[in-house]
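Listing of coords_11.pdb; format and content: PDB, C-alpha atoms.
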ATOM      1  CA  MET A   1     -18.218 -17.862 -15.768
ATOM      2  CA  LYS A   2     -16.583 -14.551 -14.934
ATOM      3  CA  LYS A   3     -12.809 -14.572 -14.797
ATOM      4  CA  ILE A   4     -11.513 -13.265 -11.492
ATOM      5  CA  PHE A   5      -7.986 -12.216 -12.404
ATOM      6  CA  ALA A   6      -8.693 -10.963 -15.943
ATOM      7  CA  PHE A   7      -8.257  -7.192 -15.808
ATOM      8  CA  THR A   8      -9.721  -4.961 -18.482
ATOM      9  CA  THR A   9      -7.476  -2.501 -20.264
ATOM     10  CA  GLY A  10      -9.085   0.387 -18.400
ATOM     11  CA  GLU A  11      -8.419  -1.282 -15.056
ATOM     12  CA  LEU A  12      -4.771  -1.903 -15.954
ATOM     13  CA  VAL A  13      -4.383   1.738 -16.989
ATOM     14  CA  THR A  14      -6.013   2.841 -13.736
ATOM     15  CA  ILE A  15      -3.669   0.631 -11.699
ATOM     16  CA  GLY A  16      -0.644   1.998 -13.559
ATOM     17  CA  LEU A  17      -1.779   5.599 -13.155
ATOM     18  CA  PHE A  18      -2.422   5.187  -9.442
ATOM     19  CA  ALA A  19       0.929   3.452  -8.925
ATOM     20  CA  GLY A  20       2.719   6.232 -10.803
ATOM     21  CA  ALA A  21       0.794   8.935  -8.964
ATOM     22  CA  ALA A  22       1.533   7.343  -5.591
ATOM     23  CA  LYS A  23       5.234   7.051  -6.379
ATOM     24  CA  ALA A  24       5.433  10.615  -7.755
ATOM     25  CA  ALA A  25       3.489  12.052  -4.810
ATOM     26  CA  SER A  26       5.737  10.205  -2.347
ATOM     27  CA  LEU A  27       8.828  11.529  -4.075
ATOM     28  CA  MET A  28       7.457  15.084  -4.150
ATOM     29  CA  VAL A  29       6.530  15.005  -0.465
ATOM     30  CA  ALA A  30       9.999  13.755   0.448
ATOM     31  CA  LEU A  31      11.735  16.372  -1.722
ATOM     32  CA  MET A  32       9.546  19.258  -0.550
ATOM     33  CA  GLY A  33      10.085  18.246   3.055
ATOM     34  CA  GLY A  34      13.857  18.430   2.727
ATOM     35  CA  GLY A  35      14.475  14.705   2.525
ATOM     36  CA  MET A  36      13.197  11.754   4.464
ATOM     37  CA  ASN A  37      12.461  12.916   7.995
ATOM     38  CA  PRO A  38       9.683  11.772  10.377
ATOM     39  CA  LEU A  39       7.187  14.358   9.144
ATOM     40  CA  THR A  40       7.691  13.593   5.464
ATOM     41  CA  LEU A  41       7.598   9.863   6.254
ATOM     42  CA  LEU A  42       4.180  10.349   7.888
ATOM     43  CA  LEU A  43       2.886  12.441   4.997
ATOM     44  CA  LYS A  44       4.346  10.191   2.299
ATOM     45  CA  ASN A  45       2.739   7.094   3.793
ATOM     46  CA  ALA A  46      -0.554   8.923   4.358
ATOM     47  CA  VAL A  47      -0.750   9.917   0.687
ATOM     48  CA  TRP A  48       0.287   6.400  -0.348
ATOM     49  CA  ALA A  49      -2.402   4.688   1.740
ATOM     50  CA  ALA A  50      -5.150   7.117   0.680
ATOM     51  CA  LEU A  51      -4.387   6.554  -3.005
ATOM     52  CA  TRP A  52      -4.231   2.787  -2.510
ATOM     53  CA  LEU A  53      -7.626   2.791  -0.791
ATOM     54  CA  VAL A  54      -9.221   4.759  -3.630
ATOM     55  CA  LEU A  55      -7.591   2.379  -6.128
ATOM     56  CA  LEU A  56      -8.904  -0.733  -4.355
ATOM     57  CA  ILE A  57     -12.407   0.715  -4.291
ATOM     58  CA  LYS A  58     -12.247   1.815  -7.939
ATOM     59  CA  VAL A  59     -10.760  -1.498  -9.180
ATOM     60  CA  SER A  60     -12.171  -4.026  -6.739
ATOM     61  CA  ARG A  61     -10.734  -7.187  -8.226
ATOM     62  CA  PRO A  62      -8.427  -9.769  -6.639
ATOM     63  CA  GLY A  63      -4.820  -9.071  -7.544
ATOM     64  CA  THR A  64      -5.176  -5.281  -7.710
ATOM     65  CA  LEU A  65      -3.136  -4.639  -4.570
ATOM     66  CA  THR A  66      -0.359  -6.994  -5.650
ATOM     67  CA  LEU A  67      -0.185  -5.647  -9.184
ATOM     68  CA  ALA A  68      -0.229  -2.017  -8.029
ATOM     69  CA  ASN A  69       2.548  -2.646  -5.511
ATOM     70  CA  LEU A  70       4.595  -4.466  -8.148
ATOM     71  CA  VAL A  71       4.272  -1.550 -10.571
ATOM     72  CA  ALA A  72       5.099   0.971  -7.829
ATOM     73  CA  ALA A  73       8.121  -1.058  -6.728
ATOM     74  CA  LEU A  74       9.376  -1.292 -10.298
ATOM     75  CA  LEU A  75       8.920   2.465 -10.707
ATOM     76  CA  GLY A  76      10.828   2.997  -7.464
ATOM     77  CA  LEU A  77      13.564   0.727  -8.706
ATOM     78  CA  LEU A  78      13.843   2.639 -11.980
ATOM     79  CA  LEU A  79      13.523   6.133 -10.475
ATOM     80  CA  MET A  80      15.476   5.850  -7.257
ATOM     81  CA  GLY A  81      17.133   2.459  -7.229
ATOM     82  CA  SER A  82      15.103   1.476  -4.175
ATOM     83  CA  ALA A  83      12.910  -1.507  -3.332
ATOM     84  CA  MET A  84      15.292  -4.202  -4.554
ATOM     85  CA  LEU A  85      15.625  -5.897  -1.170
ATOM     86  CA  SER A  86      12.088  -5.166  -0.050
ATOM     87  CA  LEU A  87      10.358  -6.297  -3.272
ATOM     88  CA  PRO A  88      10.096 -10.010  -2.337
ATOM     89  CA  GLY A  89       8.678  -9.139   1.090
ATOM     90  CA  ILE A  90       6.215  -6.680  -0.417
ATOM     91  CA  MET A  91       4.990  -9.254  -2.932
ATOM     92  CA  ILE A  92       4.575 -11.972  -0.282
ATOM     93  CA  ALA A  93       2.760  -9.512   1.998
ATOM     94  CA  CYS A  94       0.433  -8.405  -0.812
ATOM     95  CA  ILE A  95      -0.394 -11.961  -1.832
ATOM     96  CA  LEU A  96      -1.176 -12.911   1.781
ATOM     97  CA  ALA A  97      -3.316  -9.783   2.201
ATOM     98  CA  GLU A  98      -5.134 -10.560  -1.066
ATOM     99  CA  LEU A  99      -5.901 -14.070   0.172
ATOM    100  CA  LEU A 100      -7.256 -12.675   3.434
ATOM    101  CA  MET A 101      -9.353 -10.171   1.496
ATOM    102  CA  LEU A 102     -10.733 -12.989  -0.679
ATOM    103  CA  GLY A 103     -11.570 -14.907   2.494
ATOM    104  CA  MET A 104     -13.585 -11.950   3.766
ATOM    105  CA  GLY A 105     -15.599 -12.033   0.555
ATOM    106  CA  LYS A 106     -18.773 -10.059   0.015
ATOM    107  CA  ARG A 107     -19.969 -10.390   3.594
ATOM    108  CA  ILE A 108     -18.325  -7.128   4.623
ATOM    109  CA  ASN A 109     -18.442  -3.660   3.069
ATOM    110  CA  ARG A 110     -15.890  -3.162   0.256
ATOM    111  CA  VAL A 111     -14.297  -0.201   2.040
ATOM    112  CA  TRP A 112     -13.639  -2.267   5.165
ATOM    113  CA  VAL A 113     -12.183  -5.114   3.133
ATOM    114  CA  ALA A 114      -9.881  -2.667   1.341
ATOM    115  CA  LEU A 115      -8.897  -1.014   4.636
ATOM    116  CA  PHE A 116      -8.074  -4.386   6.127
ATOM    117  CA  GLY A 117      -6.129  -5.450   3.038
ATOM    118  CA  ILE A 118      -3.969  -2.330   2.906
ATOM    119  CA  ALA A 119      -3.322  -2.299   6.658
ATOM    120  CA  THR A 120      -2.434  -6.004   6.618
ATOM    121  CA  SER A 121      -0.199  -5.835   3.559
ATOM    122  CA  GLU A 122       1.713  -2.833   4.905
ATOM    123  CA  LEU A 123       2.116  -4.421   8.322
ATOM    124  CA  LEU A 124       3.366  -7.671   6.806
ATOM    125  CA  ALA A 125       5.685  -5.839   4.394
ATOM    126  CA  LYS A 126       7.142  -3.804   7.230
ATOM    127  CA  GLY A 127       7.552  -7.004   9.244
ATOM    128  CA  PHE A 128       9.457  -8.616   6.374
ATOM    129  CA  SER A 129      11.633  -5.495   6.053
ATOM    130  CA  LEU A 130      12.297  -5.646   9.767
ATOM    131  CA  GLY A 131      13.351  -9.289   9.411
ATOM    132  CA  ILE A 132      15.757  -8.405   6.594
ATOM    133  CA  SER A 133      17.138  -5.562   8.713
ATOM    134  CA  PHE A 134      17.609  -7.872  11.689
ATOM    135  CA  ILE A 135      19.448 -10.414   9.549
ATOM    136  CA  SER A 136      21.739  -7.761   8.103
ATOM    137  CA  LEU A 137      22.413  -6.223  11.541
ATOM    138  CA  ARG A 138      23.056  -9.477  13.375
ATOM    139  CA  GLU A 139      26.436  -8.295  14.762
ATOM    140  CA  GLN A 140      24.795  -5.283  16.408
ATOM    141  CA  PRO A 141      21.168  -6.181  17.189
ATOM    142  CA  VAL A 142      20.723  -2.975  19.203
ATOM    143  CA  LEU A 143      20.752  -1.066  15.891
ATOM    144  CA  ILE A 144      17.305  -2.487  15.181
ATOM    145  CA  ILE A 145      15.761   0.020  17.637
ATOM    146  CA  PRO A 146      16.005   3.022  15.250
ATOM    147  CA  VAL A 147      14.599   0.825  12.481
ATOM    148  CA  LEU A 148      11.631  -0.056  14.738
ATOM    149  CA  ILE A 149      10.998   3.631  15.384
ATOM    150  CA  ILE A 150      11.081   4.433  11.671
ATOM    151  CA  ILE A 151       8.725   1.546  10.891
ATOM    152  CA  ALA A 152       6.318   2.663  13.635
ATOM    153  CA  ILE A 153       6.262   6.237  12.295
ATOM    154  CA  GLY A 154       5.693   4.937   8.771
ATOM    155  CA  TYR A 155       2.826   2.695   9.860
ATOM    156  CA  LEU A 156       1.234   5.580  11.759
ATOM    157  CA  GLY A 157       1.282   7.457   8.443
ATOM    158  CA  ILE A 158      -0.467   4.486   6.806
ATOM    159  CA  ILE A 159      -3.214   4.580   9.448
ATOM    160  CA  MET A 160      -3.627   8.342   8.958
ATOM    161  CA  GLY A 161      -3.808   7.830   5.203
ATOM    162  CA  LEU A 162      -6.468   5.150   5.522
ATOM    163  CA  TRP A 163      -8.591   7.533   7.565
ATOM    164  CA  GLY A 164      -8.116  10.227   4.922
ATOM    165  CA  GLY A 165      -8.757   7.683   2.181
ATOM    166  CA  VAL A 166     -12.162   6.838   3.638
ATOM    167  CA  LYS A 167     -13.040  10.535   3.447
ATOM    168  CA  MET A 168     -11.761  10.680  -0.157
ATOM    169  CA  VAL A 169     -13.840   7.654  -1.143
ATOM    170  CA  LYS A 170     -16.981   9.260   0.323
ATOM    171  CA  GLU A 171     -16.345  12.467  -1.612
ATOM    172  CA  LEU A 172     -15.560  10.612  -4.848
ATOM    173  CA  ARG A 173     -18.758   8.578  -4.483
ATOM    174  CA  HIS A 174     -20.694  11.777  -3.887
ATOM    175  CA  ALA A 175     -19.127  13.267  -7.038
ATOM    176  CA  GLY A 176     -20.062  10.129  -8.997
ATOM    177  CA  LEU A 177     -16.469   9.151  -9.854
ATOM    178  CA  ILE A 178     -16.710   5.871  -7.936
ATOM    179  CA  GLN A 179     -19.778   3.689  -8.259
ATOM    180  CA  THR A 180     -21.006   1.590  -5.348
TER     181      THR A 180
END
Encoded form using structure tokens:
Amino acid sequence: MKKIFAFTTGELVTIGLFAGAAKAASLMVALMGGGMNPLTLLLKNAVWAALWLVLLIKVSRPGTLTLANLVAALLGLLLMGSAMLSLPGIMIACILAELLMLGMGKRINRVWVALFGIATSELLAKGFSLGISFISLREQPVLIIPVLIIIAIGYLGIIMGLWGGVKMVKELRHAGLIQT
């Protein structure tokens, strides 16, 4: 019987490299754009989602999304001191998205399952972050409006990145770097 959650060494290295590349690319986009503004937020999330889609197609095993997000969050914690409050929400969102992806099974194309998993995990993670923000801003609930705008811009970047990721996956398959 094949073990589902047993990653090979190559897969673990690939997950770590993609997590590091996603974190480094996000940091570079933010720094080159002059800090975190709406444009760099869109671009950062687009790069993030495209790399995550390629990773989920390259290492199509349950637990990949959760492990990659955990590694990226730990890198963010070490590099920038971020993701401490959002880490539990990200992990819960990834686990729920992984369960939904497992439920979809082999009936649907791998790319669509990965697209659904990334979109769902990011939406759930942003929802959890919004809940934490609402709890911390309970004296002034009107301050949640700018947070909603930032989350909407970030999720639009995720959608753009998924579209670009589909194009990347097609090109990488054509080049023979990703097998079907």
- Item | Residues near Gly89 (chain A), cut-off 12 Å, all atoms listed in the file, skip fewer than 4 positions along chain, as a VMD selection string | chain A and resid 66 69 to 70 73 83 to 85 93 to 96 121 to 133
Contacts between region 9-21 of chain A and region 54-77 of chain A, please, where a residue of region 54-77 of chain A counts if it comes within 9 Å (with only C-alpha atoms); show its shortest atom pair and distance in Å to one decimal, rows by chain and ascending number, as JSON lines.
{"residue": "A:Val54", "atom": "CA", "partner": "A:Phe18", "partner_atom": "CA", "distance": 9.0}
{"residue": "A:Leu55", "atom": "CA", "partner": "A:Phe18", "partner_atom": "CA", "distance": 6.8}
{"residue": "A:Lys58", "atom": "CA", "partner": "A:Thr14", "partner_atom": "CA", "distance": 8.6}
{"residue": "A:Val59", "atom": "CA", "partner": "A:Glu11", "partner_atom": "CA", "distance": 6.3}
{"residue": "A:Thr64", "atom": "CA", "partner": "A:Ile15", "partner_atom": "CA", "distance": 7.3}
{"residue": "A:Leu65", "atom": "CA", "partner": "A:Ile15", "partner_atom": "CA", "distance": 8.9}
{"residue": "A:Leu67", "atom": "CA", "partner": "A:Ile15", "partner_atom": "CA", "distance": 7.6}
{"residue": "A:Ala68", "atom": "CA", "partner": "A:Ala19", "partner_atom": "CA", "distance": 5.7}
{"residue": "A:Asn69", "atom": "CA", "partner": "A:Ala19", "partner_atom": "CA", "distance": 7.2}
{"residue": "A:Leu70", "atom": "CA", "partner": "A:Ala19", "partner_atom": "CA", "distance": 8.8}
{"residue": "A:Val71", "atom": "CA", "partner": "A:Ala19", "partner_atom": "CA", "distance": 6.2}
{"residue": "A:Ala72", "atom": "CA", "partner": "A:Ala19", "partner_atom": "CA", "distance": 5.0}
{"residue": "A:Ala73", "atom": "CA", "partner": "A:Ala19", "partner_atom": "CA", "distance": 8.8}
{"residue": "A:Leu75", "atom": "CA", "partner": "A:Gly20", "partner_atom": "CA", "distance": 7.3}
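For the residues A:Ile118, A:Leu172, A:Met32, A:Ala6, ranking by smallest atom-to-atom distance to Leu56 (chain A) using all atoms listed in the file places A:Ile118 first.
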- Residue nearest Tyr155 (chain A) - candidates A:Thr40, A:Thr8, A:Ser82, A:Asn45, atoms counted: all atoms listed in the file: A:Asn45
Find the nearest atom pair between each residue of region 99-119 of chain A and region 161-167 of chain A for residues within 10 Å, count all atoms listed in the file, give distances in Å to one decimal, sort rows by chain and ascending number, and present the table as CSV.
residue,atom,partner,partner_atom,distance
A:Val111,CA,A:Val166,CA,7.5
A:Trp112,CA,A:Val166,CA,9.3
A:Ala114,CA,A:Leu162,CA,9.5
A:Leu115,CA,A:Leu162,CA,6.7
A:Phe116,CA,A:Leu162,CA,9.7
A:Ile118,CA,A:Leu162,CA,8.3
A:Ala119,CA,A:Leu162,CA,8.2
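Computed from the coordinates, the CA of Val147 (chain A) to CA of Ala22 (chain A) distance equals 23.2 Å.
Coordinates place CA of Asn37 (chain A) at a distance of 9.3 Å from CA of Ile150 (chain A).
Minimum atom-to-atom distance to Asn109 (chain A), evaluated using all atoms listed in the file, belongs to A:Ile57 out of A:Ala50, A:Ile57, A:Val142, A:Leu74.
Comparing A:Leu137, A:Met101, A:Ala30, A:Ala25 by their smallest distance to Gly63 (chain A), the closest is A:Met101 (using only C-alpha atoms).
Distances to Gln179 (chain A) were evaluated for A:Arg110, A:Leu43, A:Met160, A:Leu79 using all atoms listed in the file, and the minimum falls at A:Arg110.
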